[in-house]
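Novice: You'll find start.csv just under this line, and it carries CSV, C-alpha atoms and all ligand atoms.
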```csv
chain,number,residue,atom,x,y,z
F,1,MET,CA,15.8,11.7,-23.6
F,2,SER,CA,12.3,11.5,-22.1
F,3,GLN,CA,11.9,8.9,-19.4
F,4,PRO,CA,9.6,5.9,-20.1
F,5,LEU,CA,6.2,6.0,-18.4
F,6,LEU,CA,6.5,4.4,-14.9
F,7,MET,CA,3.6,1.9,-14.6
F,8,ILE,CA,4.9,-0.4,-11.9
F,9,PRO,CA,3.0,-0.9,-8.6
F,10,GLY,CA,5.2,1.8,-6.9
F,11,PRO,CA,7.1,4.0,-7.1
F,12,ILE,CA,4.7,5.8,-9.5
F,13,GLU,CA,4.7,8.9,-11.7
F,14,LEU,CA,4.5,12.1,-9.7
F,15,GLU,CA,2.0,15.0,-10.3
F,16,PRO,CA,3.9,18.2,-11.3
F,17,ALA,CA,3.3,19.9,-7.9
F,18,VAL,CA,4.7,16.9,-6.1
F,19,ALA,CA,7.7,16.7,-8.4
F,20,ALA,CA,8.3,20.4,-7.9
F,21,ALA,CA,8.3,20.0,-4.1
F,22,ALA,CA,10.7,17.1,-4.4
F,23,ALA,CA,13.0,19.1,-6.6
F,24,ARG,CA,13.6,22.0,-4.2
F,25,PRO,CA,16.9,22.1,-2.3
F,26,PRO,CA,16.3,20.5,1.1
F,27,LEU,CA,14.9,22.6,3.9
F,28,GLY,CA,16.3,22.3,7.5
F,29,HIS,CA,14.2,20.2,9.8
F,30,LEU,CA,13.7,23.3,12.0
F,31,ASP,CA,12.8,25.6,9.2
F,32,PRO,CA,9.4,27.2,9.8
F,33,GLU,CA,8.3,26.4,6.2
F,34,LEU,CA,9.2,22.7,6.8
F,35,VAL,CA,7.4,22.7,10.1
F,36,ALA,CA,4.2,24.1,8.5
F,37,MET,CA,4.4,21.5,5.7
F,38,PHE,CA,4.9,18.6,8.2
F,39,SER,CA,2.0,19.9,10.3
F,40,ARG,CA,-0.3,20.0,7.3
F,41,ALA,CA,0.8,16.6,6.0
F,42,LEU,CA,0.2,14.9,9.4
F,43,GLY,CA,-3.3,16.5,9.8
F,44,GLY,CA,-4.1,15.6,6.2
F,45,LEU,CA,-3.1,12.0,6.7
F,46,ARG,CA,-5.8,11.6,9.3
F,47,GLU,CA,-8.3,12.5,6.6
F,48,VAL,CA,-6.7,10.2,4.0
F,49,PHE,CA,-6.9,7.2,6.4
F,50,ARG,CA,-10.4,8.3,7.6
F,51,ALA,CA,-9.0,8.2,11.2
F,52,PRO,CA,-10.0,11.4,13.0
F,53,ASP,CA,-8.8,9.8,16.2
F,54,GLY,CA,-5.6,8.3,14.8
F,55,GLN,CA,-2.0,9.2,15.6
F,56,PRO,CA,0.1,9.5,12.5
F,57,PHE,CA,3.8,8.6,12.4
F,58,VAL,CA,5.9,9.7,9.4
F,59,VAL,CA,9.5,8.4,9.4
F,60,ALA,CA,12.3,8.1,6.9
F,61,GLY,CA,12.3,4.5,5.6
F,62,SER,CA,10.4,2.3,3.1
F,63,GLY,CA,7.2,0.5,3.6
F,64,THR,CA,8.9,-2.4,5.3
F,65,LEU,CA,9.9,-0.1,8.1
F,66,ALA,CA,6.3,0.9,8.5
F,67,MET,CA,5.4,-2.8,8.8
F,68,GLU,CA,8.2,-3.3,11.4
F,69,MET,CA,7.0,-0.2,13.3
F,70,GLY,CA,3.6,-1.7,13.6
F,71,VAL,CA,4.8,-5.0,14.7
F,72,ALA,CA,7.6,-3.8,17.0
F,73,ASN,CA,5.2,-1.6,19.0
F,74,LEU,CA,2.2,-4.0,19.2
F,75,ILE,CA,3.9,-7.4,19.7
F,76,GLU,CA,5.6,-8.8,22.8
F,77,ARG,CA,7.4,-12.1,22.9
F,78,GLY,CA,5.0,-15.0,23.0
F,79,ASP,CA,1.9,-13.1,21.7
F,80,ARG,CA,-0.2,-14.9,19.2
F,81,ALA,CA,-0.8,-13.4,15.7
F,82,VAL,CA,-3.1,-14.4,12.9
F,83,VAL,CA,-2.0,-13.5,9.4
F,84,VAL,CA,-4.4,-13.4,6.5
F,85,ASP,CA,-2.1,-14.7,3.9
F,86,SER,CA,-2.7,-13.4,0.4
F,87,GLY,CA,0.9,-13.5,-1.0
F,88,TYR,CA,4.5,-12.4,-0.7
F,89,PHE,CA,3.8,-9.3,1.4
F,90,SER,CA,1.6,-11.2,3.9
F,91,ALA,CA,4.4,-13.7,4.2
F,92,ARG,CA,6.8,-10.8,5.0
F,93,MET,CA,4.4,-9.7,7.7
F,94,ALA,CA,4.5,-13.2,9.2
F,95,THR,CA,8.3,-13.1,9.1
F,96,LEU,CA,8.4,-9.8,10.9
F,97,LEU,CA,6.0,-11.0,13.5
F,98,GLU,CA,8.1,-14.0,14.1
F,99,ARG,CA,11.3,-12.0,14.3
F,100,HIS,CA,9.6,-9.9,17.1
F,101,GLY,CA,8.7,-13.1,19.0
F,102,ALA,CA,5.1,-13.7,18.0
F,103,GLN,CA,3.6,-17.2,17.5
F,104,VAL,CA,2.2,-16.8,14.0
F,105,ARG,CA,-0.7,-18.7,12.5
F,106,ARG,CA,-0.9,-18.0,8.7
F,107,VAL,CA,-4.3,-18.6,7.1
F,108,GLY,CA,-4.1,-18.7,3.4
F,109,ALA,CA,-5.8,-20.3,0.4
F,110,GLY,CA,-3.2,-20.6,-2.4
F,111,LEU,CA,-2.0,-18.4,-5.2
F,112,GLY,CA,-4.4,-15.7,-6.2
F,113,ASP,CA,-7.0,-16.6,-3.6
F,114,LEU,CA,-8.0,-15.6,0.0
F,115,PRO,CA,-9.1,-17.8,2.9
F,116,THR,CA,-12.8,-17.6,3.8
F,117,LEU,CA,-14.0,-15.6,6.7
F,118,ALA,CA,-14.9,-18.8,8.4
F,119,GLU,CA,-11.3,-20.0,8.1
F,120,VAL,CA,-10.0,-16.8,9.6
F,121,GLU,CA,-12.6,-17.0,12.3
F,122,ALA,CA,-11.5,-20.5,13.2
F,123,ALA,CA,-7.9,-19.4,13.5
F,124,LEU,CA,-9.0,-16.5,15.8
F,125,SER,CA,-11.2,-18.9,17.9
F,126,SER,CA,-8.4,-21.3,18.5
F,127,GLY,CA,-6.8,-19.0,21.1
F,128,PRO,CA,-6.6,-15.3,22.0
F,129,ALA,CA,-4.7,-13.5,19.3
F,130,ARG,CA,-2.9,-10.2,20.0
F,131,VAL,CA,-3.2,-9.1,16.4
F,132,LEU,CA,-4.9,-10.0,13.2
F,133,THR,CA,-2.9,-8.7,10.2
F,134,ILE,CA,-4.5,-8.1,6.7
F,135,THR,CA,-2.7,-7.1,3.6
F,136,HIS,CA,-5.3,-4.9,1.9
F,137,VAL,CA,-3.7,-5.3,-1.5
F,138,ASP,CA,-1.0,-7.9,-1.8
F,139,THR,CA,1.1,-6.3,-4.5
F,140,SER,CA,2.7,-9.7,-5.4
F,141,THR,CA,-0.6,-11.2,-6.5
F,142,GLY,CA,-2.9,-8.2,-7.0
F,143,VAL,CA,-5.3,-9.8,-4.4
F,144,LEU,CA,-7.7,-7.4,-2.6
F,145,ALA,CA,-8.8,-8.4,0.9
F,146,PRO,CA,-12.2,-7.5,2.4
F,147,VAL,CA,-10.8,-5.4,5.2
F,148,ARG,CA,-14.2,-4.3,6.6
F,149,GLU,CA,-15.4,-7.9,7.1
F,150,LEU,CA,-12.1,-9.2,8.4
F,151,ALA,CA,-11.6,-6.3,10.8
F,152,ALA,CA,-15.1,-7.0,12.3
F,153,LEU,CA,-13.9,-10.6,12.9
F,154,GLY,CA,-10.7,-9.4,14.5
F,155,ALA,CA,-12.5,-7.0,16.8
F,156,ARG,CA,-15.1,-9.6,17.8
F,157,HIS,CA,-12.2,-11.9,18.9
F,158,GLY,CA,-10.4,-9.1,20.8
F,159,ALA,CA,-7.4,-8.9,18.4
F,160,LEU,CA,-5.9,-5.6,17.3
F,161,VAL,CA,-6.5,-5.3,13.6
F,162,VAL,CA,-3.4,-4.3,11.6
F,163,VAL,CA,-3.7,-3.5,7.9
F,164,ASP,CA,-0.9,-3.3,5.4
F,165,GLY,CA,-2.3,-0.5,3.2
F,166,ILE,CA,1.0,0.0,1.3
F,167,CYS,CA,-0.7,-0.7,-2.0
F,168,SER,CA,-4.2,0.6,-1.1
F,169,VAL,CA,-4.2,3.8,1.0
F,170,ALA,CA,-5.6,6.7,-1.1
F,171,ALA,CA,-6.9,4.3,-3.8
F,172,GLU,CA,-9.0,1.5,-2.3
F,173,PRO,CA,-11.9,2.4,0.0
F,174,LEU,CA,-10.6,2.2,3.6
F,175,GLU,CA,-12.4,3.7,6.6
F,176,MET,CA,-10.0,3.1,9.4
F,177,GLN,CA,-12.2,4.4,12.3
F,178,ALA,CA,-15.6,3.3,11.0
F,179,TRP,CA,-14.3,-0.2,10.3
F,180,GLY,CA,-12.6,-0.6,13.6
F,181,VAL,CA,-9.1,-1.0,12.2
F,182,ASP,CA,-6.5,-0.3,14.9
F,183,LEU,CA,-3.4,0.3,12.8
F,184,VAL,CA,-2.8,1.1,9.2
F,185,LEU,CA,0.6,1.4,7.6
F,186,THR,CA,1.6,2.6,4.2
F,187,ALA,CA,4.5,4.1,2.3
F,188,SER,CA,4.9,7.3,0.3
F,189,GLN,CA,5.6,5.8,-3.1
F,190,LYS,CA,2.3,4.2,-4.0
F,191,ALA,CA,-1.2,5.6,-4.3
F,192,LEU,CA,-0.4,8.6,-2.1
F,193,GLY,CA,1.7,9.7,-5.1
F,194,ALA,CA,5.0,10.9,-3.4
F,195,PRO,CA,8.5,9.6,-4.1
F,196,PRO,CA,9.8,6.5,-2.2
F,197,GLY,CA,11.4,7.0,1.2
F,198,LEU,CA,8.7,7.6,3.9
F,199,ALA,CA,7.2,5.0,6.2
F,200,ILE,CA,3.7,6.1,7.3
F,201,VAL,CA,1.8,4.6,10.1
F,202,MET,CA,-1.6,5.6,11.6
F,203,ALA,CA,-2.2,4.2,15.0
F,204,GLY,CA,-5.8,4.2,16.4
F,205,PRO,CA,-6.6,4.7,20.1
F,206,ARG,CA,-6.6,0.9,21.0
F,207,ALA,CA,-3.1,0.5,19.4
F,208,MET,CA,-1.8,3.5,21.4
F,209,ALA,CA,-3.4,2.1,24.6
F,210,ALA,CA,-1.8,-1.3,23.9
F,211,LEU,CA,1.6,0.5,23.6
F,212,GLY,CA,1.1,2.1,27.1
F,213,ALA,CA,0.2,-1.3,28.6
F,214,ARG,CA,3.3,-3.2,27.4
F,215,ARG,CA,5.2,-5.3,29.9
F,216,THR,CA,8.5,-5.0,28.0
F,217,PRO,CA,10.2,-2.1,26.2
F,218,VAL,CA,9.9,-1.9,22.4
F,219,ALA,CA,12.9,-3.8,21.1
F,220,SER,CA,13.7,-1.4,18.3
F,221,TYR,CA,14.9,2.1,19.1
F,222,TYR,CA,14.2,3.8,15.7
F,223,ALA,CA,10.8,2.1,15.4
F,224,ASP,CA,9.6,2.9,18.9
F,225,PHE,CA,6.4,5.0,18.8
F,226,GLY,CA,7.3,6.3,22.2
F,227,GLU,CA,10.4,8.0,20.7
F,228,TRP,CA,8.4,9.5,17.8
F,229,LEU,CA,5.2,10.5,19.5
F,230,PRO,CA,6.4,13.8,21.0
F,231,ILE,CA,8.1,14.6,17.7
F,232,MET,CA,4.9,14.0,15.7
F,233,GLN,CA,2.8,15.9,18.3
F,234,ALA,CA,5.2,18.8,18.2
F,235,TYR,CA,5.3,19.1,14.4
F,236,GLU,CA,1.6,18.9,14.2
F,237,ALA,CA,1.4,21.7,16.7
F,238,ARG,CA,3.7,23.7,14.4
F,239,LYS,CA,6.7,23.3,16.7
F,240,ALA,CA,9.9,21.7,15.6
F,241,ALA,CA,11.4,18.9,17.6
F,242,TYR,CA,14.2,16.5,17.1
F,243,PHE,CA,14.6,12.7,17.6
F,244,ALA,CA,16.2,11.6,14.3
F,245,THR,CA,16.5,13.8,11.2
F,246,PRO,CA,13.3,13.8,9.1
F,247,ALA,CA,13.6,13.4,5.3
F,248,THR,CA,12.7,17.0,4.8
F,249,THR,CA,12.5,16.9,1.0
F,250,LEU,CA,10.2,13.9,1.2
F,251,VAL,CA,8.1,15.6,3.8
F,252,ALA,CA,7.7,18.5,1.4
F,253,ALA,CA,6.7,16.2,-1.4
F,254,LEU,CA,4.3,14.3,0.9
F,255,ASP,CA,2.6,17.6,1.9
F,256,ALA,CA,1.9,18.3,-1.8
F,257,ALA,CA,0.8,14.8,-2.4
F,258,VAL,CA,-1.6,14.7,0.6
F,259,ALA,CA,-3.0,18.1,-0.5
F,260,SER,CA,-3.8,16.7,-3.9
F,261,VAL,CA,-5.5,13.6,-2.5
F,262,ILE,CA,-7.6,15.7,-0.2
F,263,ALA,CA,-8.5,18.2,-3.0
F,264,GLU,CA,-9.7,15.3,-5.2
F,265,GLY,CA,-11.7,13.9,-2.2
F,266,LEU,CA,-11.4,10.3,-1.0
F,267,PRO,CA,-14.7,8.9,-2.4
F,268,ALA,CA,-13.9,10.5,-5.8
F,269,ARG,CA,-10.4,9.1,-5.8
F,270,TRP,CA,-11.6,5.6,-4.8
F,271,ALA,CA,-14.2,5.8,-7.6
F,272,ARG,CA,-11.6,6.9,-10.1
F,273,HIS,CA,-9.3,4.0,-9.3
F,274,GLY,CA,-12.3,1.7,-9.8
F,275,ARG,CA,-12.8,3.2,-13.3
F,276,ILE,CA,-9.2,2.9,-14.1
F,277,ALA,CA,-9.2,-0.7,-13.1
F,278,ALA,CA,-12.3,-1.4,-15.2
F,279,ALA,CA,-10.6,0.2,-18.2
F,280,MET,CA,-7.5,-1.9,-17.7
F,281,ASN,CA,-9.5,-5.1,-17.2
F,282,ALA,CA,-11.4,-4.4,-20.4
F,283,ALA,CA,-8.1,-4.0,-22.3
F,284,TRP,CA,-6.6,-7.2,-20.8
F,285,SER,CA,-9.7,-9.1,-21.7
F,286,ALA,CA,-9.4,-7.8,-25.3
F,287,LEU,CA,-5.8,-9.0,-25.3
F,288,SER,CA,-6.8,-12.4,-23.8
F,289,LEU,CA,-4.6,-11.8,-20.8
F,290,ARG,CA,-5.7,-13.8,-17.8
F,291,PRO,CA,-5.6,-12.2,-14.3
F,292,LEU,CA,-3.8,-13.9,-11.4
F,293,PRO,CA,-6.6,-13.2,-8.8
F,294,ARG,CA,-8.9,-16.2,-9.1
F,295,ARG,CA,-12.2,-14.3,-9.1
F,296,PRO,CA,-13.0,-10.7,-10.3
F,297,GLU,CA,-14.0,-9.6,-6.8
F,298,LEU,CA,-10.5,-10.5,-5.5
F,299,ALA,CA,-8.8,-8.2,-8.0
F,300,ALA,CA,-7.2,-5.0,-6.7
F,301,HIS,CA,-7.9,-1.7,-8.3
F,302,THR,CA,-4.3,-0.4,-7.9
F,303,LEU,CA,-2.6,-2.9,-10.1
F,304,SER,CA,-3.2,-5.8,-12.5
F,305,ALA,CA,-1.3,-9.1,-12.1
F,306,LEU,CA,-1.5,-11.0,-15.5
F,307,TYR,CA,-0.3,-14.4,-16.6
F,308,TYR,CA,1.8,-14.4,-19.7
F,309,PRO,CA,0.0,-16.0,-22.6
F,310,GLU,CA,1.1,-19.3,-24.0
F,311,GLY,CA,4.5,-19.0,-25.6
F,312,VAL,CA,5.3,-15.7,-23.9
F,313,ASP,CA,7.8,-15.3,-21.1
F,314,ALA,CA,9.3,-12.6,-18.8
F,315,GLN,CA,11.1,-11.0,-21.9
F,316,LEU,CA,7.7,-9.4,-22.5
F,317,VAL,CA,8.5,-6.9,-19.7
F,318,GLY,CA,11.6,-5.7,-21.7
F,319,ARG,CA,9.6,-5.5,-24.9
F,320,ILE,CA,7.0,-3.4,-23.2
F,321,ARG,CA,9.8,-1.1,-22.0
F,322,ASP,CA,11.0,-0.9,-25.5
F,323,GLN,CA,7.6,0.6,-26.2
F,324,GLY,CA,8.2,3.3,-23.6
F,325,VAL,CA,6.3,1.9,-20.6
F,326,VAL,CA,7.8,0.3,-17.5
F,327,VAL,CA,5.9,-2.6,-16.0
F,328,ALA,CA,7.0,-5.1,-13.4
F,329,GLY,CA,7.7,-8.8,-13.5
F,330,GLY,CA,6.2,-11.4,-11.2
F,331,LEU,CA,7.1,-11.5,-7.5
F,332,HIS,CA,5.3,-14.4,-5.8
F,333,PRO,CA,7.9,-17.2,-5.5
F,334,GLU,CA,5.3,-19.8,-6.7
F,335,ALA,CA,4.7,-18.2,-10.0
F,336,ARG,CA,7.4,-15.5,-10.4
F,337,ALA,CA,8.2,-16.4,-14.0
F,338,ARG,CA,4.6,-16.9,-15.2
F,339,TYR,CA,3.1,-13.4,-14.8
F,340,PHE,CA,3.7,-9.7,-14.8
F,341,ARG,CA,2.3,-6.7,-13.1
F,342,VAL,CA,1.0,-3.3,-14.2
F,343,GLY,CA,0.5,-0.5,-11.6
F,344,HIS,CA,-2.3,1.9,-12.2
F,345,MET,CA,-2.6,4.2,-9.2
F,346,GLY,CA,-2.2,7.9,-8.4
F,347,ALA,CA,-2.2,10.3,-11.3
F,348,THR,CA,-3.0,7.6,-13.9
F,349,GLY,CA,-5.6,9.0,-16.4
F,350,GLU,CA,-6.7,8.4,-19.9
F,351,PRO,CA,-3.3,9.3,-21.6
F,352,GLU,CA,-1.4,6.9,-19.4
F,353,ILE,CA,-4.0,4.2,-19.9
F,354,ARG,CA,-3.8,4.6,-23.7
F,355,ARG,CA,0.0,4.5,-23.7
F,356,THR,CA,0.2,1.5,-21.4
F,357,VAL,CA,-2.4,-0.6,-23.2
F,358,ALA,CA,-0.9,0.2,-26.6
F,359,ALA,CA,2.6,-0.7,-25.4
F,360,VAL,CA,1.4,-4.0,-24.0
F,361,ALA,CA,-0.5,-4.8,-27.2
F,362,ARG,CA,2.4,-4.0,-29.4
F,363,ALA,CA,4.8,-6.0,-27.3
F,364,LEU,CA,2.5,-8.9,-27.6
F,365,GLY,CA,2.4,-8.5,-31.3
F,366,GLN,CA,-1.4,-7.8,-31.2
F,367,PRO,CA,-3.3,-4.8,-32.8
F,368,GLU,CA,-3.5,-2.0,-30.2
F,369,GLN,CA,-6.6,-0.3,-31.4
F,370,PRO,CA,-9.3,-2.8,-30.2
F,371,ALA,CA,-7.7,-3.0,-26.7
F,372,VAL,CA,-7.3,0.8,-26.4
F,373,ALA,CA,-10.9,1.3,-27.6
F,374,ALA,CA,-12.2,-1.3,-25.0
F,375,ALA,CA,-10.3,0.5,-22.2
F,376,ILE,CA,-11.5,3.9,-23.1
F,377,ARG,CA,-15.1,2.7,-23.4
F,378,ALA,CA,-14.9,1.1,-20.0
F,379,LEU,CA,-13.2,4.2,-18.6
F,380,ARG,CA,-16.0,6.5,-19.8
F,381,GLY,CA,-18.6,4.0,-18.4
F,401,LIG,N1,3.6,-4.5,1.6
F,401,LIG,C1,3.0,-4.3,0.4
F,401,LIG,C2,1.6,-4.6,0.2
F,401,LIG,C3,3.8,-3.7,-0.7
F,401,LIG,O1,3.3,-3.5,-1.9
F,401,LIG,C4,5.2,-3.4,-0.4
F,401,LIG,C5,6.1,-2.8,-1.5
F,401,LIG,N2,5.8,-3.3,-2.8
F,401,LIG,C6,5.7,-3.7,0.9
F,401,LIG,C7,4.9,-4.2,1.8
F,401,LIG,C8,7.1,-3.3,1.2
F,401,LIG,O2,7.3,-2.0,1.0
F,401,LIG,P1,8.8,-1.4,0.7
F,401,LIG,O3,9.2,-2.0,-0.6
F,401,LIG,O4,8.5,0.1,0.5
F,401,LIG,O5,9.7,-1.7,1.8
```
Since I need it in another form, could you write the structure as structure tokens?
Ligand code: PMP
Specialist:
Amino acid sequence: MSQPLLMIPGPIELEPAVAAAAARPPLGHLDPELVAMFSRALGGLREVFRAPDGQPFVVAGSGTLAMEMGVANLIERGDRAVVVDSGYFSARMATLLERHGAQVRRVGAGLGDLPTLAEVEAALSSGPARVLTITHVDTSTGVLAPVRELAALGARHGALVVVDGICSVAAEPLEMQAWGVDLVLTASQKALGAPPGLAIVMAGPRAMAALGARRTPVASYYADFGEWLPIMQAYEARKAAYFATPATTLVAALDAAVASVIAEGLPARWARHGRIAAAMNAAWSALSLRPLPRRPELAAHTLSALYYPEGVDAQLVGRIRDQGVVVAGGLHPEARARYFRVGHMGATGEPEIRRTVAAVARALGQPEQPAVAAAIRALRG
């Protein structure tokens, strides 16, 4: 039986070359072929993050481990942290910061919205903050944060700027070095287009210097950059080294995925995600589905978060699946039962857009043709 089309905001459908890499029997972590793949993937990630001076870390674990690595290495007990709160995953960042001893100030603006730059600046001005954290795309709400502007504020106030790019890297424009972002973290299963299972962190020079200036040891052994740095440096230099067994199959898949992102080119990939989002939005508007982000400029290009129409509930997700497409339910605790989410990143193209829009329309009991036609018109610009 063929699998339904996976259109949740991660994991996503794999390109054939990535699926083939993931389907091979595992290579040993000292195998020269694995070493070459790891080296290429690490170097490629610098391009993907636009961080020529960044230090990549690729470790077995999910995105939450990448968040914890960032926090564990940058935060010491008593440090202040300002969290730009745009939903469930920003709240998770605040929880992680608190767990590692930070005094956290959350600056939010309610469901589907973002605080103003002035509100974030006021929080940064109220006392020196060690870090400013930004969730580039909060996957619970589909809210997209203006990283460039927020990062400039953080830098002006002497905070290290940390970006959760789990639902944005390789899809939303992000220029780590040029925008002065100190640490970006992501995971393999989203717009990078690899299977789930790798935590990926890019640390800029100020983040690495902060690590060297710590007064106390990093409280987590597995998450300690200091343990992983020689390993990452060795693999990049095409030498094997061991600290903890790498997920070799996933590294092979990541190598293929990163190669595909680089072959497409970052600006072209960002623009393609913009067109896909425009196509999806045209379809949702034809189906009278209201987005959760409060204003169009707040809406991410990697997923759509949509309120159920009057008289429709979470059973819609099951009915869409019956039409052969998997979408996700709501996640934000304030509105979990009132909306659903459709991921559209990575290899999504016209056939996937057609199938997804048609499935949603049929599940809603609406004609599919006008919505599909609106999407394709928008896609072709
Ligand atoms: N942050 C964001 C923005 C996410 O989308 C996710 C996963 N949906 C996470 C953090 C947590 O990542 P993971 O589920 O891979 O641990």
Novice: I'd like the contact shell of Trp228 in chain F - 9 Å cut-off, all atoms listed in the file, skipping same-chain residues fewer than 2 positions apart - returned as a list in words.
Specialist: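 Surrounding residues, per the criterion: Phe57, Val58, Val59, Tyr222, Ala223, Asp224, Phe225, Gly226, Pro230, Ile231, Met232, Gln233, Phe243 and Ala244 of chain F.
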Novice: Measuring atom to atom with all atoms listed in the file, identify which of F:Gly343, F:Pro293, F:Pro16, F:Pro370 is nearest to Ala191 in chain F.
Specialist: F:Gly343
Novice: Can you tell me which residues surround range 326-329 of chain F at a distance of at most 7 Å, considering only C-alpha atoms, apart from same-chain residues fewer than 2 positions away, and format the answer as a ChimeraX atom specification?
Specialist: /F:4-8,314,317,320-321,324,331,339-342
Novice: Restricting it to C-alpha atoms, dump the selection as a short mmCIF file (atom, residue, chain, number, x, y, z; two decimals), keeping the file's coordinate frame.
Specialist:
```cif
data_model
loop_
_atom_site.label_atom_id
_atom_site.label_comp_id
_atom_site.auth_asym_id
_atom_site.auth_seq_id
_atom_site.Cartn_x
_atom_site.Cartn_y
_atom_site.Cartn_z
CA PRO F 4 9.60 5.90 -20.10
CA LEU F 5 6.20 6.00 -18.40
CA LEU F 6 6.50 4.40 -14.90
CA MET F 7 3.60 1.90 -14.60
CA ILE F 8 4.90 -0.40 -11.90
CA ALA F 314 9.30 -12.60 -18.80
CA VAL F 317 8.50 -6.90 -19.70
CA ILE F 320 7.00 -3.40 -23.20
CA ARG F 321 9.80 -1.10 -22.00
CA GLY F 324 8.20 3.30 -23.60
CA LEU F 331 7.10 -11.50 -7.50
CA TYR F 339 3.10 -13.40 -14.80
CA PHE F 340 3.70 -9.70 -14.80
CA ARG F 341 2.30 -6.70 -13.10
CA VAL F 342 1.00 -3.30 -14.20
#
```
Novice: Write out as number ranges by chain each polymer residue (protein, DNA or RNA) that has an atom no more than 8 Å from ligand LIG 401 (chain F), with only C-alpha atoms and all ligand atoms counted.
Specialist: F: 9-10, 61-67, 89-90, 92, 135-140, 164-168, 186-187, 189, 196-197, 199
Novice: Would you pick out the contacts of Ala256 in chain F at 9 Å or less, using only C-alpha atoms, so that residues sharing its chain but fewer than 3 positions from it are not included, and give the list as a ChimeraX atom specification?
Specialist: /F:17-19,21,37,41,194,251-253,259-261
Novice: Determine, counting all atoms listed in the file, which protein, DNA and RNA residues have an atom within 9 Å of an atom of Gly381 in chain F; residues of the same chain fewer than 3 positions away are not included. Present the result as a list in words.
Specialist: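 Here the qualifying residues turn out to be Arg275, Ala278, Ala279, Ile376, Arg377 and Ala378 of chain F.
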Novice: What separation in Å, quoted to one decimal, exists between CA of Ala155 in chain F and CA of Ile134 in chain F?
Specialist: 12.9 Å
Novice: Taking into account only C-alpha atoms, which residue in the set F:Ala203, F:Gly70, F:Ile12, F:Glu98 is nearest to Leu45 in chain F?
Specialist: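 Smallest distance to Leu45 in chain F is found for F:Ala203.
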Novice: Around (-7.2, 0.3, 3.6), as given in the file, which residues come within 12 Å? Count only C-alpha atoms and list them as a PyMOL selection string.
Specialist: chain F and resi 48-51+133-138+144-148+150-151+161-186+191+201-202+266+270+300+302
Novice: Here is a test: counting all atoms listed in the file, which residue of F:Thr348, F:Ser220, F:Thr249, F:Thr356 is nearest to Ala283 in chain F?
Specialist: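 Among the listed residues, the smallest separation from Ala283 in chain F belongs to F:Thr356.
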Novice: Taking into account all atoms listed in the file, which residue in the set F:Ala359, F:Leu74, F:Val104, F:Val143 is nearest to Arg206 in chain F?
Specialist: F:Leu74
Novice: Excluding Thr248 in chain F and residues on its chain fewer than 6 positions from it, collect all residues at most 8 Å away from it, counting all atoms listed in the file, and give them as a PyMOL selection string.
Specialist: chain F and resi 26-29+34
Novice: Could you check the closest approach to Ala241 in chain F for each of F:Gly193, F:Gly44, F:Ala94, F:Leu229 and tell me which residue wins, using all atoms listed in the file?
Specialist: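 Smallest distance to Ala241 in chain F is found for F:Leu229.
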Novice: Counting all atoms listed in the file, which residue out of F:Pro128, F:Pro367, F:Gly154, F:Gly318 sits closest to Ala286 in chain F?
Specialist: F:Pro367
Novice: Where atoms are missing, can you supply N, CA, C and O atoms for range 339-346 of chain F and output the lot as a PDB file, in the coordinates of the input?
Specialist:
```pdb
ATOM      1  N   TYR F 339       4.039 -14.542 -14.657  1.00  0.00           N
ATOM      2  CA  TYR F 339       3.100 -13.400 -14.800  1.00  0.00           C
ATOM      3  C   TYR F 339       3.858 -12.093 -14.644  1.00  0.00           C
ATOM      4  O   TYR F 339       5.030 -12.060 -14.269  1.00  0.00           O
ATOM      5  N   PHE F 340       3.156 -11.012 -14.984  1.00  0.00           N
ATOM      6  CA  PHE F 340       3.700  -9.700 -14.800  1.00  0.00           C
ATOM      7  C   PHE F 340       2.682  -8.754 -14.205  1.00  0.00           C
ATOM      8  O   PHE F 340       1.524  -9.144 -14.034  1.00  0.00           O
ATOM      9  N   ARG F 341       3.148  -7.566 -13.808  1.00  0.00           N
ATOM     10  CA  ARG F 341       2.300  -6.700 -13.100  1.00  0.00           C
ATOM     11  C   ARG F 341       2.297  -5.253 -13.659  1.00  0.00           C
ATOM     12  O   ARG F 341       3.372  -4.765 -14.019  1.00  0.00           O
ATOM     13  N   VAL F 342       1.125  -4.654 -13.726  1.00  0.00           N
ATOM     14  CA  VAL F 342       1.000  -3.300 -14.200  1.00  0.00           C
ATOM     15  C   VAL F 342       0.366  -2.451 -13.124  1.00  0.00           C
ATOM     16  O   VAL F 342      -0.743  -2.757 -12.680  1.00  0.00           O
ATOM     17  N   GLY F 343       1.066  -1.428 -12.661  1.00  0.00           N
ATOM     18  CA  GLY F 343       0.500  -0.500 -11.600  1.00  0.00           C
ATOM     19  C   GLY F 343      -0.401   0.490 -12.298  1.00  0.00           C
ATOM     20  O   GLY F 343      -0.112   0.949 -13.411  1.00  0.00           O
ATOM     21  N   HIS F 344      -1.515   0.840 -11.635  1.00  0.00           N
ATOM     22  CA  HIS F 344      -2.300   1.900 -12.200  1.00  0.00           C
ATOM     23  C   HIS F 344      -2.977   2.698 -11.022  1.00  0.00           C
ATOM     24  O   HIS F 344      -4.153   2.596 -10.744  1.00  0.00           O
ATOM     25  N   MET F 345      -2.115   3.444 -10.334  1.00  0.00           N
ATOM     26  CA  MET F 345      -2.600   4.200  -9.200  1.00  0.00           C
ATOM     27  C   MET F 345      -2.135   5.678  -9.326  1.00  0.00           C
ATOM     28  O   MET F 345      -1.299   6.000 -10.168  1.00  0.00           O
ATOM     29  N   GLY F 346      -2.692   6.512  -8.445  1.00  0.00           N
ATOM     30  CA  GLY F 346      -2.200   7.900  -8.400  1.00  0.00           C
ATOM     31  C   GLY F 346      -2.740   8.687  -9.588  1.00  0.00           C
ATOM     32  O   GLY F 346      -3.917   8.670  -9.910  1.00  0.00           O
TER      33      GLY F 346
END
```
